[in-house]
Amino acid sequence: MRGQVTIISVVLIALFLLSLVSVVMMHYYEVHNIGSIEVKTISMAEAIESIKTDLKRALALVLANVSRTYAFSPSEHNLTKFRAYALEHFERWVVLTSTEYGAVVELRYPRYVYRLAGRDYVIQEGCVFKLYWYKRSSLSIGYVEANVSIPSLGIYNVTARALVSLCVSILEVGHSESEDVTWLLINVTADGVPVSDVSGVNITVLYPDFENYGYWAEAELVSAEYLGYGLWNVTVRPYVPEIWGVIPLRLYVTDYRGIVASSLTYEGIVFKVVKNTPDRVVYYDSGYKTILRTSTPDEVYTVELDWRFHLHFLLNEIPLATEPPPPIPPVPVKQLRIYTRRDGSEWRLTPFQAELWELREWHGLQIWWPVAPADPAYWFNQSCRLVFQVSYPRAEDRVVYVNVTWESDCDADIIRWNTSLWYEYNPPDYKDVVSETFRIELIDVEHPVMRDYNFDYYGVAALGFRDPDGAAYGPTNLHAYGSYVHYSGGRRYIYLGAWRPYGTWRVFHRYSGSYSWATLPVRIFVTLNSTRVGNVYTGEVREDYYDTLAIVYVINGSRYAACLVHVYWESTKSDCYCYYGYCYCGYWMFMSMGGGRPTYYMYLKAVEGGHYNVSKEYEYSHWWEYEYPNFFCTHWGSGIGRAVFLSESAVNALYDVGGDPRFAVTEQAPGGLPQHSLEYEFAPLDECVTVYAGTTYSYWFVIYMYEAADDWGEWKKAYIYSVMFLEQYAPSIEVVGVT
Amino acid sequence: MRTLELILIVVILVLLYASITLRTVTPKLSLQNDYFLLKEEAYSVARVLADSRMLTYLMAGPRPEDALKVVVTALVPPNREFRVKVVDAATGAEFVAETPHFRDCTLAATAVVVYSDSVHCKMYLVEVSLGRVTGG
C-alpha cells in the first residue's frame, strides 16, 4: 500500500513537473518576447523593403522627368541642370523617409557600368542617370545606392541599390507600299526585363515629311503587337520610302513609368563637297600666260550647310546635286559632330559652329540674313546652318567627304576648339575683331575714329584693317556716293564719296542662350543693318539715300576676310557738283587703304585690245583711275601682300549701275597721309552718275593676306586664289550615303 | 515520504504562482503581438498600394478618397477597421478614407510608405492604419 502511494505521488509530481516545465517555458517564451520579435522582424523587413522600392520609384521619377523633357522639349537639353533637380528631389525624399520611417538614409551616386549587346554604357560617378539616344539602340538609365539605418528597429547600414533603365532597340524596319504601311521590329526592356503588353507602353513614330522637307510628321499607329521576350512589331501608316538605303524613322517609347527612350533608324549622313575651281588660271601679259594651281594651301572654304543640305558659300547657294538624304534630325546642336576626310585619309573631327539664319524679305528681295549663333542646347531646326571648313591644299584634292553625325551620349557637349578669334570691345577706343590674320576695327557709331588715323567717321560704318600685331592699313569703306562742297575762307572744297552706310556693327562672337560663355570656333560674323547714310565729312545723317545690309566674316584658320553687301536705293539721286565744266560725284563700291606700306599694285583688266584678263602692274605714284576693272586687284611690298577678290555679281554691278567703272589707286590721303589704296569706282570721279530709286545690287569682296617680296610679279601668289570666290567656281555638294 | 510531500507542495505553489502571473502577463504580451501583426498587415496593404502603382491611377481620378476606400477594403483582412491617409508631399493636400468604426478600435497600428509617382511627377506619403476592437 505504501509502495502504491509512493508510486502515485511520484507520478503526480512528475506530471506536475511536466506541467510546470511547460508553463515556465510558455512564461519564458512570452516574457522574453520571442513571438513579438518574429512579428517585429517582419515589420522591420517591410520597412526596409518599402524604402528600397520607393528609392527605385524615386529614381524612376527623376529619370522619367529628365527623359520626357529631353525628348519633347526643343530647348531643355542640359542634363547637369536636371541632375541638380534630381539631387534636390532626392534630398526631399531623404527628409521624408527619415521623418516617416525614423531612418537615417545616406544616398550615394557611384559609377555604374551597364552592359548591353556587347557595349558598355557608363554612368559616371555623381551622374545619377544617363541618356544614350538617337542611335538604333537607345538607353535611359539611372543608378543610386542608399545606406539605410533604422536605429529604433535595430537596423544598421543596410545598402539599398536601385537601378532603373529603359532600353529600346530597332532590330528591323520594313514597309509595304501597297498597304501603305511601315513596320518596325523593336525590342523593349525595362530594368533588364522585357516590357510586355501587360504594362502600359506608349510608342510614337515620326517620319520625315519630304513634301515639306525638314519637318517630321507623326505616323498613325496601326498596331503594336507584342511578340514576347520584349519584341514588338509596330506598324504605322503611311508607307515611308527608303532613301539612300534607309527608311528614316524616329521612335519614341514611353514605358509605364513615364521613362522615355528615343531611337533613330540612321546615325549619320555622308556627303562630299566638291571643289570646282580650275587647276590653272590664265591672264594676259603680252600673250596668254597660265599659272598652275598645284599647291593651294589657302584654298579653304568656310561653307554653311543648311537643313535642306544646300551649301552656302558667301552669297552662293548651291543646291544638292543628288536626291536629298533624310534630314538632320532634331538632335540638340551640342550633340552634332562633323567629320571630314579627303581621299585616302582617315575621318577627322572637324570644328564647326551652328548659326541661325532667316530668309528675309528686303525691298522685294529674298535675302538670307544671319540672326545669331544658335543655342547649342536647342534642337537642330530649319533655321540652323552648320558652318565648317573644307580645304583643298593640292590640285588633286577635288573632294572632301563630310560626315554629319551625332553623339548618342546626351551629356555630349560642344567641343571647345582652339581658335585665334576674339573680340575686344571697349568703346569708344576698341571695337576690334581679331584673328590670326587680321585685327579689324569696327568703325561705327560706337567707335567713330580709327585709332592712329584720327579721322572722325561720325558713325559711318567701315572696317579698319590692321595686322594682328596692330600695324594699321587704314579704313576700308563698303560703299560711298555723292559729293560734298564746303566753302571756307573764300575757297571751295569738294569732298567725294560723302554718303556712306551709317550705323552700328553687331558682332556675334559667342553662342547664344545658356552657352553664351562659349566662343564661336570657326568664324565671327558681324552685321550691319542700316536704312541711313552718314556724311563722313559733316556727320549729317540722312534716310533718303540707300539702305545697306552687310555681313563681315572674320574666319579662324584662313587668310581672308569676306564682306557681303546688299544695297537698295530709296530714292533717285544725282549728287554731282559741276563748275567750270568739271563735275565731281564719287561713287565707290569699295575702297581700302593700304597704310602707305605696299609699293606695287596690280589690277586685272577685263579687256584690252581684244584680250581678256589682262594683268596691269604698277608702282604707287600719285592718283590713278584705270578702265575695265575685273574681279581681282592687289598691292604688295614692305613685307605684306594684300589682295581684293570681287564676286562676279560685284563686277556686274559695277558695269550695270555705273556703266563705266574704274579701278583706282591713291598714293596719299588728303593732308598727305600715306594711303596706297585699292578702290573700285562705279564711274570715274568726274562723271555724273544718277542712281534711280529701287536700284538694288548685292556683291561681296574678300580681302586676302599673303606673303610677298618687294618685287614685280608677286601678285600671282594671290591671283591663283581669285577663282575661289567667283560664283561659277563655288563648291558643290553631293550626298554619298546614309549610315 | 515527507520529502515527496514537500516537493509536491513546492511544485503546487510554483504552479499556482506561474498561473497567476500568466493571467496577468499573457494578455499584455498578446496585445503587443497583436499590435505588431496589425502593423505588418498595415505595411502589407500600404506596400501593395504603392508597389502595384495603383496610386498613380487612384490619385489621378476625380474622387481619390472613394477609390482608396474601395481598394483598401478589398485589401485588408476581415474584421479590421482601417484609415488611409495619402498626403501629397509637394502641396500638403490630404486624402483620407476610413471605416465608420475605426475610431472605436482599442488597438491600431500604422504603416507609412513613401510613394514616388514617376508618371505625374509627384511624391506621396501613404499612411495606412489598421485597427480592431479588442476585449468585451
# chains A, B, ... in the order shown; residues from 1 in each chain; ligands from 1
>>> residues_around(residues="range 580-594 of chain A", least_positions_apart="4", cutoff="8 Å", atoms="only C-alpha atoms", output="count of residues only")
34
>>> select_by_dssp(residues="range 2-123 of chain B", states="strand (DSSP E or B)", output="list of chain:residue names")
B:Glu81, B:Phe82, B:Arg83, B:Val84, B:Lys85, B:Val86, B:Val87, B:Asp88, B:Glu94, B:Phe95, B:Val96, B:Ala97, B:Glu98, B:Leu107, B:Ala108, B:Ala109, B:Thr110, B:Ala111, B:Val112, B:Val113, B:Val114, B:Tyr115, B:Ser116, B:Asp117, B:Lys122, B:Met123
>>> write_last_selection(atoms="C-alpha atoms", output="mmCIF file, in the first residue's frame")
data_model
loop_
_atom_site.group_PDB
_atom_site.id
_atom_site.type_symbol
_atom_site.label_atom_id
_atom_site.label_comp_id
_atom_site.auth_asym_id
_atom_site.auth_seq_id
_atom_site.Cartn_x
_atom_site.Cartn_y
_atom_site.Cartn_z
ATOM 1 C CA GLU B 81 -11.041 48.722 -39.323
ATOM 2 C CA PHE B 82 -8.791 50.999 -41.340
ATOM 3 C CA ARG B 83 -7.884 54.544 -42.020
ATOM 4 C CA VAL B 84 -5.879 55.522 -45.123
ATOM 5 C CA LYS B 85 -4.304 58.905 -45.468
ATOM 6 C CA VAL B 86 -2.443 59.913 -48.622
ATOM 7 C CA VAL B 87 -0.526 63.171 -48.406
ATOM 8 C CA ASP B 88 0.830 64.977 -51.443
ATOM 9 C CA GLU B 94 -4.502 65.156 -47.734
ATOM 10 C CA PHE B 95 -6.844 62.447 -48.968
ATOM 11 C CA VAL B 96 -8.380 60.408 -46.143
ATOM 12 C CA ALA B 97 -10.609 57.347 -46.240
ATOM 13 C CA GLU B 98 -11.649 55.365 -43.151
ATOM 14 C CA LEU B 107 -5.784 48.564 -30.874
ATOM 15 C CA ALA B 108 -4.392 50.074 -34.061
ATOM 16 C CA ALA B 109 -1.103 50.068 -35.933
ATOM 17 C CA THR B 110 0.082 52.425 -38.632
ATOM 18 C CA ALA B 111 2.454 51.837 -41.509
ATOM 19 C CA VAL B 112 3.892 54.628 -43.614
ATOM 20 C CA VAL B 113 5.248 54.270 -47.121
ATOM 21 C CA VAL B 114 6.626 56.951 -49.416
ATOM 22 C CA TYR B 115 5.377 56.681 -52.968
ATOM 23 C CA SER B 116 7.028 58.431 -55.922
ATOM 24 C CA ASP B 117 4.730 58.724 -58.916
ATOM 25 C CA LYS B 122 4.621 63.556 -57.612
ATOM 26 C CA MET B 123 5.602 62.220 -54.240
#
>>> residues_around(residues="range 256-262 of chain A", least_positions_apart="3", cutoff="7 Å", atoms="only C-alpha atoms", output="ChimeraX atom specification")
/A:60,63-64,67-68,133-134,138-140,166-168,199-201,251-253 /B:118-119
>>> closest_atom_pairs(of="chain B", to="chain A", cutoff="10 Å", atoms="only C-alpha atoms", output="CSV")
residue,atom,partner,partner_atom,distance
B:Met1,CA,A:Thr6,CA,7.3
B:Leu4,CA,A:Ser9,CA,7.2
B:Glu5,CA,A:Ser9,CA,8.0
B:Ile7,CA,A:Ile13,CA,7.7
B:Leu8,CA,A:Ile13,CA,5.9
B:Ile9,CA,A:Ile13,CA,9.5
B:Val11,CA,A:Phe16,CA,6.7
B:Ile12,CA,A:Phe16,CA,7.5
B:Val14,CA,A:Leu20,CA,7.7
B:Leu15,CA,A:Leu20,CA,6.0
B:Leu16,CA,A:Leu20,CA,9.7
B:Ala18,CA,A:Val23,CA,6.9
B:Ser19,CA,A:Val23,CA,7.7
B:Thr21,CA,A:His27,CA,8.5
B:Leu22,CA,A:His27,CA,6.6
B:Val25,CA,A:Val31,CA,7.8
B:Thr26,CA,A:Glu30,CA,7.0
B:Lys28,CA,A:Glu30,CA,9.6
B:Leu29,CA,A:Glu30,CA,6.4
B:Ser30,CA,A:Glu30,CA,8.3
B:Leu31,CA,A:Ser36,CA,9.8
B:Gln32,CA,A:Ser36,CA,6.9
B:Asn33,CA,A:Ser36,CA,5.2
B:Asp34,CA,A:Ser36,CA,8.8
B:Tyr35,CA,A:Val39,CA,9.1
B:Phe36,CA,A:Val39,CA,5.6
B:Leu37,CA,A:Val39,CA,6.0
B:Leu38,CA,A:Val39,CA,9.4
B:Lys39,CA,A:Ser43,CA,6.7
B:Glu40,CA,A:Ser43,CA,5.2
B:Glu41,CA,A:Ser43,CA,8.9
B:Ala42,CA,A:Ser43,CA,9.4
B:Tyr43,CA,A:Glu46,CA,6.3
B:Ser44,CA,A:Glu46,CA,7.5
B:Ala46,CA,A:Ser50,CA,9.0
B:Arg47,CA,A:Ser50,CA,6.6
B:Val48,CA,A:Ser50,CA,10.0
B:Ala50,CA,A:Asp54,CA,8.3
B:Asp51,CA,A:Thr53,CA,7.4
B:Arg53,CA,A:Arg257,CA,9.1
B:Thr56,CA,A:Arg257,CA,9.7
B:Ala89,CA,A:Leu96,CA,8.3
B:Ala90,CA,A:Arg92,CA,9.5
B:Ala111,CA,A:Ala47,CA,8.4
B:Val112,CA,A:Glu100,CA,6.5
B:Val113,CA,A:Ser50,CA,6.3
B:Val114,CA,A:Asp54,CA,6.3
B:Tyr115,CA,A:Asp54,CA,5.9
B:Ser116,CA,A:Ala58,CA,5.2
B:Asp117,CA,A:Leu61,CA,6.3
B:Ser118,CA,A:Leu61,CA,3.7
B:Val119,CA,A:Gly258,CA,4.8
B:His120,CA,A:Gly258,CA,8.3
B:Cys121,CA,A:Leu61,CA,6.0
B:Lys122,CA,A:Leu61,CA,8.0
B:Met123,CA,A:Ala58,CA,8.2
B:Tyr124,CA,A:Leu96,CA,9.7
B:Leu125,CA,A:Leu96,CA,8.3
B:Glu127,CA,A:Glu100,CA,9.4
>>> closest_residue(among="A:Thr340, A:Ser22, A:Gln353, A:Ser435", to="Asn403 in chain A", atoms="only C-alpha atoms")
A:Thr340
>>> residues_around(residues="Val270 in chain A", least_positions_apart="3", cutoff="8 Å", atoms="only C-alpha atoms", output="PyMOL selection string")
chain A and resi 401-404+735-739
>>> write_last_selection(atoms="C-alpha atoms", output="PDB file, in the first residue's frame")
ATOM      1  CA  TYR A 401      33.928  63.934 -97.631  1.00  0.00           C
ATOM      2  CA  VAL A 402      31.843  65.186 -94.755  1.00  0.00           C
ATOM      3  CA  ASN A 403      30.011  63.048 -92.244  1.00  0.00           C
ATOM      4  CA  VAL A 404      27.348  64.787 -90.190  1.00  0.00           C
ATOM      5  CA  VAL A 735      25.234  63.051-100.987  1.00  0.00           C
ATOM      6  CA  VAL A 736      27.355  59.922-100.700  1.00  0.00           C
ATOM      7  CA  GLY A 737      25.265  57.834 -98.357  1.00  0.00           C
ATOM      8  CA  VAL A 738      23.419  57.489 -95.088  1.00  0.00           C
ATOM      9  CA  THR A 739      24.799  55.349 -92.294  1.00  0.00           C
TER      10      THR A 739
END
>>> atom_distance(atom1="CA of Tyr699 in chain A", atom2="CA of Asn454 in chain A")
29.5 Å
>>> closest_residue(among="A:Tyr215, A:Phe72, A:Phe352, A:Tyr284", to="Gly610 in chain A", atoms="only C-alpha atoms")
A:Tyr284
>>> closest_residue(among="A:Ile720, A:Val331, A:Cys563, A:Val193", to="Cys410 in chain A", atoms="only C-alpha atoms")
A:Val331
>>> select_by_dssp(residues="chain B", states="helix (DSSP H, G or I)", output="PyMOL selection string")
chain B and resi 2-51+54-58+64-75+102-104
>>> atom_distance(atom1="CA of Glu734 in chain A", atom2="CA of Thr296 in chain A")
22.8 Å
>>> closest_residue(among="A:Trp183, A:Trp307, A:Phe313, A:Tyr453", to="Leu249 in chain A", atoms="only C-alpha atoms")
A:Trp183
>>> residues_around(residues="Val433 in chain A", least_positions_apart="2", cutoff="8 Å", atoms="only C-alpha atoms", output="tab-separated table (two decimals) with N, CA and C atoms, in the first residue's frame")
chain	number	residue	atom	x	y	z
A	421	LEU	N	40.26	83.45	-82.87
A	421	LEU	CA	39.29	84.54	-82.92
A	421	LEU	C	39.00	85.11	-81.54
A	422	TRP	N	38.95	86.39	-81.47
A	422	TRP	CA	38.44	87.03	-80.25
A	422	TRP	C	37.96	88.43	-80.55
A	423	TYR	N	37.19	88.91	-79.63
A	423	TYR	CA	36.53	90.20	-79.83
A	423	TYR	C	36.92	91.12	-78.68
A	424	GLU	N	37.48	92.26	-79.02
A	424	GLU	CA	37.89	93.21	-77.99
A	424	GLU	C	36.93	94.40	-78.05
A	431	LYS	N	36.80	98.40	-80.64
A	431	LYS	CA	35.72	97.51	-81.07
A	431	LYS	C	36.34	96.68	-82.19
A	435	SER	N	41.72	87.94	-85.59
A	435	SER	CA	42.04	86.56	-85.97
A	435	SER	C	43.55	86.47	-86.11
A	438	PHE	N	44.04	89.01	-89.15
A	438	PHE	CA	43.56	90.39	-89.13
A	438	PHE	C	43.26	90.87	-87.71
A	439	ARG	N	43.35	92.16	-87.57
A	439	ARG	CA	42.67	92.84	-86.48
A	439	ARG	C	41.82	93.90	-87.18
A	440	ILE	N	40.52	93.73	-87.08
A	440	ILE	CA	39.63	94.64	-87.80
A	440	ILE	C	38.92	95.53	-86.79
A	441	GLU	N	39.19	96.82	-86.91
A	441	GLU	CA	38.48	97.79	-86.07
A	441	GLU	C	37.13	98.05	-86.72
A	442	LEU	N	36.08	97.86	-85.96
A	442	LEU	CA	34.76	98.10	-86.50
A	442	LEU	C	34.40	99.57	-86.26
A	524	ILE	N	33.79	84.64	-86.64
A	524	ILE	CA	32.98	85.67	-86.00
A	524	ILE	C	32.25	86.37	-87.13
A	554	VAL	N	34.99	87.10	-90.16
A	554	VAL	CA	36.39	87.02	-89.76
A	554	VAL	C	36.59	85.56	-89.36
>>> residues_around(residues="Trp569 in chain A", least_positions_apart="6", cutoff="6 Å", atoms="only C-alpha atoms", output="JSON list (two decimals) with all heavy atoms, in the first residue's frame")
[["chain", "number", "residue", "atom", "x", "y", "z"],
["A", 545, "TYR", "N", 18.77, 108.09, -98.97],
["A", 545, "TYR", "CA", 19.73, 107.62, -99.97],
["A", 545, "TYR", "C", 19.55, 106.12, -100.20],
["A", 545, "TYR", "O", 18.75, 105.71, -101.02],
["A", 545, "TYR", "CB", 21.16, 107.95, -99.53],
["A", 545, "TYR", "CG", 21.59, 109.34, -99.97],
["A", 545, "TYR", "CD1", 21.19, 110.45, -99.26],
["A", 545, "TYR", "CD2", 22.38, 109.51, -101.09],
["A", 545, "TYR", "CE1", 21.56, 111.72, -99.66],
["A", 545, "TYR", "CE2", 22.76, 110.79, -101.50],
["A", 545, "TYR", "CZ", 22.35, 111.89, -100.78],
["A", 545, "TYR", "OH", 22.72, 113.13, -101.18],
["A", 546, "TYR", "N", 20.28, 105.32, -99.46],
["A", 546, "TYR", "CA", 20.18, 103.87, -99.70],
["A", 546, "TYR", "C", 20.24, 103.12, -98.37],
["A", 546, "TYR", "O", 20.73, 103.63, -97.36],
["A", 546, "TYR", "CB", 21.29, 103.39, -100.64],
["A", 546, "TYR", "CG", 22.70, 103.72, -100.21],
["A", 546, "TYR", "CD1", 23.41, 102.90, -99.36],
["A", 546, "TYR", "CD2", 23.33, 104.88, -100.67],
["A", 546, "TYR", "CE1", 24.70, 103.20, -98.96],
["A", 546, "TYR", "CE2", 24.62, 105.20, -100.30],
["A", 546, "TYR", "CZ", 25.31, 104.35, -99.44],
["A", 546, "TYR", "OH", 26.59, 104.65, -99.05],
["A", 693, "ALA", "N", 15.81, 105.31, -107.87],
["A", 693, "ALA", "CA", 15.14, 104.65, -106.73],
["A", 693, "ALA", "C", 14.81, 103.21, -107.12],
["A", 693, "ALA", "O", 14.38, 102.95, -108.24],
["A", 693, "ALA", "CB", 13.87, 105.40, -106.36],
["A", 694, "GLY", "N", 15.00, 102.31, -106.20],
["A", 694, "GLY", "CA", 14.71, 100.90, -106.45],
["A", 694, "GLY", "C", 15.91, 100.13, -106.97],
["A", 694, "GLY", "O", 15.85, 98.90, -107.09],
["A", 695, "THR", "N", 16.99, 100.84, -107.27],
["A", 695, "THR", "CA", 18.19, 100.13, -107.74],
["A", 695, "THR", "C", 18.72, 99.25, -106.59],
["A", 695, "THR", "O", 18.84, 99.70, -105.45],
["A", 695, "THR", "CB", 19.29, 101.13, -108.17],
["A", 695, "THR", "OG1", 18.75, 101.94, -109.20],
["A", 695, "THR", "CG2", 20.54, 100.42, -108.63]]
>>> atom_distance(atom1="CA of Leu116 in chain A", atom2="CA of Thr254 in chain A")
19.4 Å
>>> closest_residue(among="B:Leu6, B:Ile20, B:Ala93, B:Val133", to="Pro64 in chain B", atoms="only C-alpha atoms")
B:Ala93
>>> closest_residue(among="A:Gly671, A:Val94, A:Pro330, A:Glu436", to="Trp379 in chain A", atoms="only C-alpha atoms")
A:Pro330
